[in-house]
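Structure data follow from upload_34.txt (compact mmCIF, C-alpha atoms):
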```
# COMPACT_ATOMS: atom_id res chain seq x y z
CA MET Y 1 28.95 -86.78 171.62
CA GLU Y 2 25.32 -86.55 172.70
CA ALA Y 3 25.01 -83.16 170.99
CA GLN Y 4 26.28 -84.72 167.73
CA ARG Y 5 23.86 -87.60 168.16
CA GLN Y 6 20.90 -85.20 168.51
CA VAL Y 7 21.93 -83.14 165.48
CA LEU Y 8 22.32 -86.28 163.35
CA LYS Y 9 18.93 -87.50 164.54
CA ALA Y 10 17.39 -84.23 163.31
CA VAL Y 11 18.77 -84.98 159.84
CA ASN Y 12 18.63 -88.78 159.62
CA GLY Y 13 15.53 -89.41 161.73
CA ARG Y 14 13.17 -88.69 158.86
CA ARG Y 15 14.81 -91.22 156.53
CA SER Y 16 14.16 -88.82 153.66
CA PHE Y 17 17.50 -88.97 151.90
CA ALA Y 18 19.27 -91.45 149.67
CA GLU Y 19 22.28 -91.46 151.98
CA GLU Y 20 22.43 -90.71 155.69
CA LEU Y 21 24.65 -88.03 157.19
CA CYS Y 22 27.54 -90.03 158.65
CA GLY Y 23 29.08 -87.42 160.93
CA LEU Y 24 29.53 -83.74 161.54
CA SER Y 25 32.99 -83.28 160.08
CA ARG Y 26 33.10 -80.78 157.23
CA LYS Y 27 33.95 -83.57 154.79
CA ALA Y 28 31.07 -85.79 155.94
CA ILE Y 29 28.66 -82.86 155.56
CA GLU Y 30 29.99 -82.03 152.09
CA ARG Y 31 29.58 -85.67 151.02
CA TRP Y 32 25.99 -85.76 152.31
CA LEU Y 33 25.10 -82.55 150.46
CA ASN Y 34 26.70 -83.80 147.27
CA VAL Y 35 25.23 -87.32 147.26
CA ASN Y 36 21.75 -86.06 148.08
CA ARG Y 37 22.02 -83.21 145.56
CA LEU Y 38 21.36 -80.53 148.13
CA GLU Y 39 22.29 -76.90 147.70
CA PRO Y 40 25.80 -76.45 149.21
CA THR Y 41 24.98 -72.84 150.06
CA GLY Y 42 21.45 -73.54 151.33
CA GLU Y 43 20.11 -72.98 154.83
CA VAL Y 44 20.55 -76.58 156.01
CA ALA Y 45 24.16 -76.64 154.75
CA ARG Y 46 24.92 -73.33 156.44
CA ILE Y 47 23.54 -74.46 159.79
CA LEU Y 48 25.25 -77.86 159.67
CA LEU Y 49 28.64 -76.32 158.89
CA GLN Y 50 28.17 -73.80 161.69
CA ILE Y 51 27.34 -76.61 164.14
CA SER Y 52 30.36 -78.55 162.88
CA SER Y 53 32.65 -75.62 163.54
CA LYS Y 54 31.28 -75.03 167.06
CA LEU Y 55 31.41 -78.72 168.01
CA PHE Y 56 34.99 -78.90 166.76
CA PHE Y 57 35.87 -76.06 169.09
CA LEU Y 58 34.07 -77.71 172.02
CA SER Y 59 35.76 -81.05 171.41
CA SER Y 60 39.19 -79.42 171.43
CA LYS Y 61 38.61 -78.29 175.02
CA SER Y 62 39.38 -80.56 177.90
CA GLN Y 63 36.68 -81.38 180.43
CA GLU Y 64 38.28 -79.24 183.09
CA GLN Y 65 37.95 -76.20 180.86
CA VAL Y 66 34.24 -75.86 181.45
CA THR Y 67 34.20 -72.12 181.24
CA GLU Y 68 31.49 -69.58 180.54
CA GLU Y 69 32.64 -69.61 176.90
CA TYR Y 70 32.06 -73.38 176.78
CA ARG Y 71 28.57 -73.03 178.24
CA LEU Y 72 27.76 -70.24 175.81
CA LEU Y 73 28.87 -72.33 172.84
CA SER Y 74 26.83 -75.30 174.08
CA ARG Y 75 23.76 -73.09 174.20
CA GLU Y 76 24.53 -71.83 170.68
CA VAL Y 77 24.74 -75.43 169.41
CA GLN Y 78 21.36 -76.17 170.99
CA ALA Y 79 19.85 -73.09 169.32
CA LEU Y 80 21.36 -74.11 165.98
CA LYS Y 81 19.90 -77.59 166.38
CA ASN Y 82 16.44 -76.04 166.77
CA GLU Y 83 17.10 -73.88 163.69
CA LEU Y 84 18.21 -76.99 161.82
CA GLU Y 85 14.97 -78.81 162.62
CA GLU Y 86 12.95 -75.92 161.17
CA ALA Y 87 15.20 -75.73 158.10
CA MET Y 88 14.79 -79.48 157.56
CA VAL Y 89 11.00 -79.19 157.62
CA ALA Y 90 11.16 -76.34 155.09
CA LEU Y 91 13.59 -78.28 152.88
CA LEU Y 92 11.41 -81.39 152.83
CA LYS Y 93 8.28 -79.34 152.11
CA ARG Y 94 10.00 -77.79 149.11
CA ALA Y 95 11.22 -81.19 147.97
CA HIS Y 96 7.70 -82.59 148.09
CA GLY Y 97 6.21 -79.51 146.42
CA ASN Y 98 4.02 -78.52 149.37
CA MET M 1 55.62 -71.57 165.47
CA HIS M 2 56.36 -75.29 165.28
CA ILE M 3 55.03 -77.87 162.82
CA TYR M 4 55.21 -81.64 163.37
CA ALA M 5 54.01 -84.69 161.51
CA PHE M 6 52.53 -87.46 163.63
CA GLY M 7 50.14 -90.38 163.27
CA SER M 8 50.05 -93.12 160.65
CA LEU M 9 52.59 -91.41 158.37
CA CYS M 10 55.24 -91.51 161.09
CA ARG M 11 54.48 -95.15 161.88
CA GLY M 12 54.72 -96.14 158.23
CA GLU M 13 51.06 -97.28 158.34
CA VAL M 14 50.27 -95.72 155.00
CA SER M 15 47.29 -96.91 152.99
CA PHE M 16 45.35 -95.46 150.08
CA GLY M 17 43.25 -92.62 151.43
CA SER M 18 45.31 -92.27 154.63
CA ASP M 19 45.10 -88.82 156.07
CA VAL M 20 48.21 -86.92 157.06
CA ASP M 21 48.27 -85.73 160.68
CA VAL M 22 50.03 -82.42 161.10
CA LEU M 23 50.37 -80.59 164.39
CA ALA M 24 50.79 -76.83 164.47
CA ILE M 25 51.88 -75.21 167.73
CA THR M 26 51.20 -71.50 167.68
CA GLU M 27 51.12 -68.46 169.93
CA GLY M 28 47.39 -67.78 170.05
CA PHE M 29 45.12 -67.67 167.02
CA ASP M 30 46.88 -67.98 163.67
CA SER M 31 44.61 -67.60 160.63
CA ARG M 32 47.15 -69.26 158.33
CA PHE M 33 46.24 -72.69 159.70
CA ASP M 34 43.08 -74.42 158.48
CA PRO M 35 41.60 -76.39 161.41
CA ASP M 36 40.42 -79.03 158.92
CA ALA M 37 44.02 -79.67 157.87
CA PHE M 38 45.98 -79.11 161.09
CA SER M 39 45.68 -80.07 164.75
CA ILE M 40 46.29 -76.66 166.25
CA TYR M 41 47.52 -76.25 169.84
CA SER M 42 48.98 -73.38 171.82
CA TYR M 43 52.35 -73.79 173.57
CA LYS M 44 50.61 -73.54 176.92
CA ARG M 45 48.13 -76.30 176.06
CA ILE M 46 50.96 -78.60 174.95
CA CYS M 47 52.83 -77.91 178.20
CA ASP M 48 49.65 -78.67 180.18
CA LEU M 49 49.19 -81.99 178.33
CA TRP M 50 52.83 -82.89 179.10
CA LYS M 51 52.39 -82.00 182.75
CA ASP M 52 49.20 -84.10 182.99
CA GLY M 53 50.82 -87.12 181.33
CA ASN M 54 47.95 -87.02 178.82
CA PRO M 55 47.89 -89.87 176.24
CA PHE M 56 48.12 -87.32 173.42
CA ALA M 57 51.36 -85.98 174.96
CA TRP M 58 52.74 -89.54 175.02
CA HIS M 59 51.55 -90.03 171.45
CA LEU M 60 53.44 -86.94 170.30
CA ALA M 61 56.51 -87.70 172.43
CA THR M 62 56.66 -91.19 170.94
CA GLU M 63 56.28 -90.47 167.26
CA ALA M 64 56.06 -86.77 166.27
CA LYS M 65 58.64 -85.66 163.70
CA LEU M 66 59.67 -82.04 163.48
CA ILE M 67 58.97 -80.40 160.12
CA PHE M 68 59.53 -76.75 160.94
CA ALA M 69 60.64 -74.66 163.92
CA SER M 70 60.60 -70.89 163.64
CA ASN M 71 63.29 -70.66 166.35
CA GLY M 72 65.31 -73.65 165.10
CA ILE M 73 64.65 -75.60 168.34
CA ASN M 74 62.75 -78.88 168.57
CA PHE M 75 60.18 -77.74 171.14
CA LEU M 76 58.69 -81.16 171.91
CA ALA M 77 62.10 -82.80 172.27
CA GLU M 78 63.11 -80.04 174.69
CA LEU M 79 60.08 -80.87 176.87
CA GLY M 80 61.47 -84.35 177.50
CA ALA M 81 59.19 -87.21 178.55
CA PRO M 82 55.65 -86.34 179.66
CA SER M 83 54.63 -87.03 183.26
CA GLN M 84 53.71 -90.59 184.12
CA TYR M 85 50.33 -91.69 182.78
CA THR M 86 48.14 -92.29 185.82
CA ARG M 87 44.61 -92.20 184.45
CA CYS M 88 44.51 -95.53 182.68
CA ALA M 89 41.48 -96.93 184.53
CA GLU M 90 39.61 -93.64 184.36
CA ASP M 91 40.24 -93.20 180.62
CA CYS M 92 39.49 -96.83 179.79
CA LEU M 93 36.21 -96.53 181.66
CA LYS M 94 35.39 -93.39 179.67
CA PHE M 95 35.88 -95.26 176.39
CA ALA M 96 33.96 -98.25 177.72
CA ARG M 97 31.04 -95.91 178.26
CA LEU M 98 31.41 -94.44 174.77
CA TYR M 99 31.18 -97.99 173.41
CA GLU M 100 28.21 -98.76 175.64
CA HIS M 101 26.29 -95.65 174.55
CA ALA M 102 26.98 -96.40 170.87
CA ILE M 103 25.63 -99.95 171.26
CA GLU M 104 22.54 -98.66 173.08
CA ALA M 105 21.95 -96.18 170.25
CA LEU M 106 22.47 -98.84 167.57
CA LYS M 107 19.65 -100.87 169.09
CA LYS M 108 17.23 -98.01 168.45
CA GLU M 109 15.38 -97.79 165.16
CA GLU M 110 16.12 -94.12 164.48
CA CYS M 111 19.88 -94.28 165.05
CA SER M 112 22.55 -92.92 162.70
CA ALA M 113 24.19 -96.30 162.14
CA VAL M 114 27.43 -95.16 160.50
CA PHE M 115 28.05 -92.53 163.18
CA GLU M 116 27.44 -95.02 166.00
CA LEU M 117 29.67 -97.68 164.41
CA SER M 118 32.30 -94.99 163.99
CA ASN M 119 32.01 -94.32 167.73
CA VAL M 120 32.52 -98.02 168.40
CA PHE M 121 35.75 -97.94 166.38
CA LEU M 122 36.91 -94.80 168.21
CA ALA M 123 36.08 -96.30 171.60
CA VAL M 124 37.85 -99.59 170.86
CA ARG M 125 40.93 -97.91 169.46
CA ASN M 126 41.30 -95.39 172.27
CA PHE M 127 40.50 -97.99 174.92
CA ALA M 128 43.30 -100.20 173.60
CA THR M 129 45.74 -97.30 173.32
CA CYS M 130 45.09 -96.16 176.91
CA PHE M 131 45.28 -99.77 178.11
CA SER M 132 48.66 -100.28 176.42
CA LEU M 133 49.99 -96.95 177.70
CA GLY M 134 48.92 -97.74 181.24
CA THR M 135 49.98 -101.36 181.42
CA SER M 136 52.99 -101.93 179.21
CA LYS M 137 56.36 -100.40 178.53
CA VAL M 138 55.58 -100.00 174.83
CA ALA M 139 52.42 -98.00 174.21
CA ASN M 140 50.57 -98.63 170.98
CA PHE M 141 49.25 -95.56 169.21
CA SER M 142 48.36 -97.37 166.03
CA ARG M 143 44.94 -96.95 164.47
CA HIS M 144 44.77 -100.72 164.94
CA SER M 145 45.98 -100.76 168.54
CA ALA M 146 43.12 -103.07 169.58
CA ARG M 147 44.57 -105.78 167.33
CA ARG M 148 48.12 -105.25 168.57
CA LEU M 149 47.86 -106.12 172.23
CA GLY M 150 49.36 -109.57 171.87
CA VAL M 151 47.31 -112.16 173.78
CA ARG M 152 44.94 -109.39 174.86
CA SER M 153 44.12 -108.34 171.29
CA LEU M 154 40.52 -107.86 170.24
CA ASN M 155 39.29 -111.01 168.55
CA LEU M 156 36.95 -109.76 165.84
CA SER M 157 36.33 -111.08 162.33
CA GLU M 158 37.93 -109.20 159.47
CA ASN M 159 34.48 -108.27 158.11
CA ALA M 160 33.29 -106.75 161.37
CA TYR M 161 36.56 -104.90 161.97
CA ARG M 162 36.62 -103.45 158.45
CA LEU M 163 32.99 -102.40 158.81
CA LEU M 164 33.90 -100.39 161.92
CA GLU M 165 36.94 -98.87 160.23
CA ARG M 166 34.93 -97.94 157.14
CA SER M 167 32.36 -96.25 159.37
CA ARG M 168 35.06 -94.21 161.06
CA ILE M 169 36.44 -93.03 157.71
CA LEU M 170 32.95 -92.20 156.40
CA SER M 171 32.19 -90.23 159.54
CA THR M 172 35.43 -88.27 159.76
CA ARG M 173 36.68 -87.99 156.18
CA GLY M 174 33.41 -88.45 154.30
CA ALA M 175 35.17 -91.03 152.13
CA GLY M 176 34.47 -94.64 151.21
CA GLN M 177 31.62 -96.89 150.26
CA MET M 178 28.39 -96.40 152.21
CA LEU M 179 27.38 -99.32 154.43
CA GLU M 180 24.56 -101.62 153.41
CA ARG M 181 21.97 -102.48 156.05
CA SER M 182 22.68 -106.18 155.44
CA GLU M 183 26.39 -105.65 156.22
CA VAL M 184 25.54 -104.03 159.54
CA ASP M 185 23.03 -106.76 160.43
CA ALA M 186 25.56 -109.49 159.60
CA CYS M 187 28.14 -108.06 162.03
CA PHE M 188 25.92 -106.62 164.74
CA ASP M 189 25.95 -109.54 167.18
CA GLU M 190 29.72 -109.77 166.94
CA ILE M 191 30.13 -106.04 167.54
CA CYS M 192 27.93 -106.31 170.64
CA LYS M 193 30.30 -108.95 172.02
CA ILE M 194 33.22 -106.49 172.04
CA GLY M 195 31.86 -105.62 175.49
CA PHE M 196 33.22 -108.94 176.83
CA TRP M 197 36.74 -107.93 175.76
CA ILE M 198 36.37 -104.45 177.22
CA ASN M 199 35.13 -105.80 180.55
CA LYS M 200 37.90 -108.38 180.71
CA LEU M 201 40.61 -105.73 180.24
CA LEU M 202 38.87 -103.34 182.62
CA ARG M 203 39.08 -106.01 185.32
CA GLU M 204 42.80 -106.41 184.65
CA ILE M 205 43.65 -102.77 185.25
CA THR M 206 42.11 -102.63 188.67
CA ALA M 207 43.48 -104.47 191.64
CA ASP M 208 40.14 -105.81 192.87
CA GLY M 209 38.47 -106.24 189.53
CA ARG M 210 36.42 -103.08 189.83
CA VAL M 211 37.02 -99.65 188.39
CA GLN M 212 36.03 -96.88 190.74
CA GLN M 213 34.52 -93.84 189.14
CA GLN M 214 35.57 -90.40 190.30
CA ASN M 215 32.44 -90.26 192.47
CA GLY M 216 33.31 -93.63 193.97
CA GLY M 217 30.60 -95.65 192.27
CA PRO M 218 31.25 -98.97 190.58
CA ALA M 219 31.84 -99.39 186.86
CA PRO M 220 28.95 -100.38 184.61
CA GLY M 221 28.51 -104.11 184.78
CA ALA M 222 30.67 -104.41 187.88
CA GLU M 223 29.38 -106.49 190.74
CA GLY M 224 26.97 -104.45 192.78
CA SER M 225 26.23 -101.98 190.01
CA GLU M 226 22.63 -101.31 189.10
CA ARG M 227 23.68 -100.68 185.52
CA THR M 228 24.64 -103.83 183.70
CA THR M 229 24.24 -102.62 180.16
CA LEU M 230 27.81 -103.30 179.08
CA ILE M 231 27.55 -106.52 177.14
CA ARG M 232 28.94 -109.35 179.24
```

Could I get this structure in the form of structure tokens?
Amino acid sequence: MEAQRQVLKAVNGRRSFAEELCGLSRKAIERWLNVNRLEPTGEVARILLQISSKLFFLSSKSQEQVTEEYRLLSREVQALKNELEEAMVALLKRAHGN
Amino acid sequence: MHIYAFGSLCRGEVSFGSDVDVLAITEGFDSRFDPDAFSIYSYKRICDLWKDGNPFAWHLATEAKLIFASNGINFLAELGAPSQYTRCAEDCLKFARLYEHAIEALKKEECSAVFELSNVFLAVRNFATCFSLGTSKVANFSRHSARRLGVRSLNLSENAYRLLERSRILSTRGAGQMLERSEVDACFDEICKIGFWINKLLREITADGRVQQQNGGPAPGAEGSERTTLIR
């Protein structure tokens, strides 16, 4: 849950969009892209959908299944969150014509 | 391979926009099933949930309806009743903390309000379901379980409850009307008071009024605890 919170903060924290991203389900991401007229095949969309898929996998595991695979995926989500922050900066720069 | 329907459809709780919960039990990875459309479990995982007496096992045992069985046998029915549910206090405490963290986040300026309100709905619903499973003969797996606990039901205005439900649907299905800031502000104080209800029920499920964590520490807000952030 905290990982989702951090990813959403990376998107919503800047208050730069008409509508906030409500969650990391595929449908919530698709709605956010559509309402804010963002490229569905762009970098931000790609990263968000990848995070969504990895978090879905993590959430389907029970707490006792904290395996190496789980730890690896957690690290991948963290790396994707960093990638997302960079992609958000680039997206907003383009949007503001800088 | 086995396919079952479960959830609101099987309870007759159908409303416009209701999703359809379908469980697929497979041997390992099966690319035919879209994880966005199916809850996909292996046979081993289902057996483990049954053995643990997990609430999801009780949920399926109570309401799942067989749609297809590749071997012609109703696998879940053959498993019989899951083991006794013994983690009521532990699970309720987990959902109390989920609620608590969502409220803490909502008080911060930079929060994702819809997501946090969605977490409140999830926490309240699952708390009530685990409470009913652990304390009564008839467990309530309804989406609205918090309002179906008889005298212990959550007392929340229709506006506040619908706001939480809308948030959950926006967050999971990406559907519905976006919340207005004024709507959230109007219900916020009431949503914070859900903590009273949670604490009251938490006290009921422990003999001495305190829920012991796995490490032996007291519950948030319990007497002697340094953390008193659950709304009292």

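Using only C-alpha atoms for every distance, the candidate list M:Trp58, M:Phe115, M:Tyr161, M:Phe6 yields M:Phe115 as the residue closest to chain Y.
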
Mind dumping a table of every chain Y residue within 9 Å of chain M, with the nearest atom pair and its distance in Å to one decimal, using all atoms listed in the file, sorted by chain and rising number, as CSV?
```
residue,atom,partner,partner_atom,distance
Y:Met1,CA,M:Leu98,CA,8.6
Y:Arg5,CA,M:Ser112,CA,7.7
Y:Leu8,CA,M:Ser112,CA,6.7
Y:Lys9,CA,M:Ser112,CA,6.8
Y:Asn12,CA,M:Ser112,CA,6.5
Y:Gly13,CA,M:Glu110,CA,5.5
Y:Arg14,CA,M:Glu110,CA,8.4
Y:Arg15,CA,M:Glu110,CA,8.6
Y:Glu19,CA,M:Met178,CA,7.9
Y:Glu20,CA,M:Ser112,CA,7.4
Y:Leu21,CA,M:Ser112,CA,7.7
Y:Cys22,CA,M:Ser171,CA,4.7
Y:Gly23,CA,M:Ser171,CA,4.4
Y:Leu24,CA,M:Ser171,CA,7.3
Y:Ser25,CA,M:Thr172,CA,5.6
Y:Arg26,CA,M:Asp36,CA,7.7
Y:Lys27,CA,M:Gly174,CA,4.9
Y:Ala28,CA,M:Gly174,CA,3.9
Y:Ile29,CA,M:Gly174,CA,7.4
Y:Glu30,CA,M:Gly174,CA,7.6
Y:Arg31,CA,M:Gly174,CA,5.8
Y:Trp32,CA,M:Gly174,CA,8.1
Y:Phe56,CA,M:Pro35,CA,8.9
```

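Excluding Y:Arg46 and any residue on its chain fewer than 6 positions from it, the residues at most 12 Å away by all atoms listed in the file are Arg26, Ile29, Glu30, Leu33, Leu38, Glu39, Pro40, Ser52, Ser53, Leu80, Lys81, Glu83, Leu84, Ala87 and Met88 of chain Y.
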
Just want the 6 Å neighbourhood of M:Gly53, counted on all atoms listed in the file, with same-chain residues fewer than 4 positions away dropped. Output as a list of chain:residue names. M:Pro82, M:Ser83, M:Gln84, M:Tyr85

Can you tell me, as a list in words, what residues are no more than 7 Å from stretch 139-153 of chain M when counting all atoms listed in the file, ignoring any on the same chain fewer than 3 positions away? His59, Val124, Arg125, Ala128, Thr129, Ser132, Leu133 and Ser136 of chain M

Restrict the selected residues to C-alpha atoms and save them as a PDB file, in the coordinates of the input.
```
ATOM      1  CA  HIS M  59      51.550 -90.030 171.450  1.00  0.00           C
ATOM      2  CA  VAL M 124      37.850 -99.590 170.860  1.00  0.00           C
ATOM      3  CA  ARG M 125      40.930 -97.910 169.460  1.00  0.00           C
ATOM      4  CA  ALA M 128      43.300-100.200 173.600  1.00  0.00           C
ATOM      5  CA  THR M 129      45.740 -97.300 173.320  1.00  0.00           C
ATOM      6  CA  SER M 132      48.660-100.280 176.420  1.00  0.00           C
ATOM      7  CA  LEU M 133      49.990 -96.950 177.700  1.00  0.00           C
ATOM      8  CA  SER M 136      52.990-101.930 179.210  1.00  0.00           C
TER       9      SER M 136
END
```

Among M:Asn199, M:Asn126, M:Thr135, M:Asn74, M:Tyr4 is approached most closely, using only C-alpha atoms, by M:Asn74

Work out how far apart atom CA of M:Ser42 and atom CA of M:Thr26 are and give it in Å to one decimal.
->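 A separation of 5.1 Å between them.
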
Grab the atom CA of Y:Asn36 to atom CA of Y:Arg94 distance for me, in Å with one decimal place.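 Pair atom CA of Y:Asn36 / atom CA of Y:Arg94 returns 14.4 Å.
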
_Protein and nucleic acid residues near (35.4, -92.4, 172.8) (cut-off 6 Å, all atoms listed in the file) as number ranges by chain_ = M: 95, 98, 122-123

In Å and to one decimal, atom CA of M:Phe131 is distant from atom CA of M:Trp197 by 12.0 Å

Of M:Arg203, M:Glu104, M:Asp21, M:Arg162, the one nearest to M:Lys65 when counting all atoms listed in the file is M:Asp21

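Remark: for Y:Ile51, the closest of the candidate residues Y:Ala10, Y:Val77, Y:Ala3, Y:Val89 is Y:Val77 (distances computed over all atoms listed in the file).
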
Could you please give me, as a PDB file with C-alpha atoms, keeping the file's coordinate frame, the residues of protein, DNA or RNA lying at most 10 Å from (46.3, -66.3, 173.2) in the coordinate frame of the file, considering all atoms listed in the file?
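Saved the output as point-v6.pdb:
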```pdb
ATOM      1  CA  THR M  26      51.200 -71.500 167.680  1.00  0.00           C
ATOM      2  CA  GLU M  27      51.120 -68.460 169.930  1.00  0.00           C
ATOM      3  CA  GLY M  28      47.390 -67.780 170.050  1.00  0.00           C
ATOM      4  CA  PHE M  29      45.120 -67.670 167.020  1.00  0.00           C
ATOM      5  CA  ASP M  30      46.880 -67.980 163.670  1.00  0.00           C
ATOM      6  CA  SER M  42      48.980 -73.380 171.820  1.00  0.00           C
ATOM      7  CA  TYR M  43      52.350 -73.790 173.570  1.00  0.00           C
ATOM      8  CA  LYS M  44      50.610 -73.540 176.920  1.00  0.00           C
TER       9      LYS M  44
END
```

Would you mind putting N, CA and C atoms back on stretch 59-72 of chain M and writing the result as a short mmCIF file (atom, residue, chain, number, x, y, z; two decimals), in the coordinates of the input?
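part_1.cif, written as the output of this step:
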```
data_model
loop_
_atom_site.label_atom_id
_atom_site.label_comp_id
_atom_site.auth_asym_id
_atom_site.auth_seq_id
_atom_site.Cartn_x
_atom_site.Cartn_y
_atom_site.Cartn_z
N HIS M 59 51.63 -89.75 172.89
CA HIS M 59 51.55 -90.03 171.45
C HIS M 59 52.57 -89.16 170.70
N LEU M 60 52.53 -87.86 170.99
CA LEU M 60 53.44 -86.94 170.30
C LEU M 60 54.90 -87.22 170.69
N ALA M 61 55.13 -87.45 171.97
CA ALA M 61 56.51 -87.70 172.43
C ALA M 61 57.08 -88.96 171.77
N THR M 62 56.20 -89.92 171.50
CA THR M 62 56.66 -91.19 170.94
C THR M 62 56.95 -91.10 169.44
N GLU M 63 56.12 -90.35 168.72
CA GLU M 63 56.28 -90.47 167.26
C GLU M 63 56.34 -89.17 166.45
N ALA M 64 56.09 -88.00 167.07
CA ALA M 64 56.06 -86.77 166.27
C ALA M 64 57.43 -86.46 165.66
N LYS M 65 57.39 -86.03 164.41
CA LYS M 65 58.64 -85.66 163.70
C LYS M 65 58.58 -84.17 163.36
N LEU M 66 59.63 -83.48 163.73
CA LEU M 66 59.67 -82.04 163.48
C LEU M 66 59.77 -81.74 161.98
N ILE M 67 58.91 -80.83 161.53
CA ILE M 67 58.97 -80.40 160.12
C ILE M 67 59.53 -78.97 160.05
N PHE M 68 59.06 -78.13 160.97
CA PHE M 68 59.53 -76.75 160.94
C PHE M 68 59.54 -76.16 162.34
N ALA M 69 60.58 -75.39 162.65
CA ALA M 69 60.64 -74.66 163.92
C ALA M 69 61.09 -73.24 163.64
N SER M 70 60.25 -72.28 163.96
CA SER M 70 60.60 -70.89 163.64
C SER M 70 61.84 -70.43 164.42
N ASN M 71 62.11 -71.06 165.57
CA ASN M 71 63.29 -70.66 166.35
C ASN M 71 64.45 -71.68 166.21
N GLY M 72 64.25 -72.67 165.34
CA GLY M 72 65.31 -73.65 165.10
C GLY M 72 65.45 -74.69 166.20
#
```
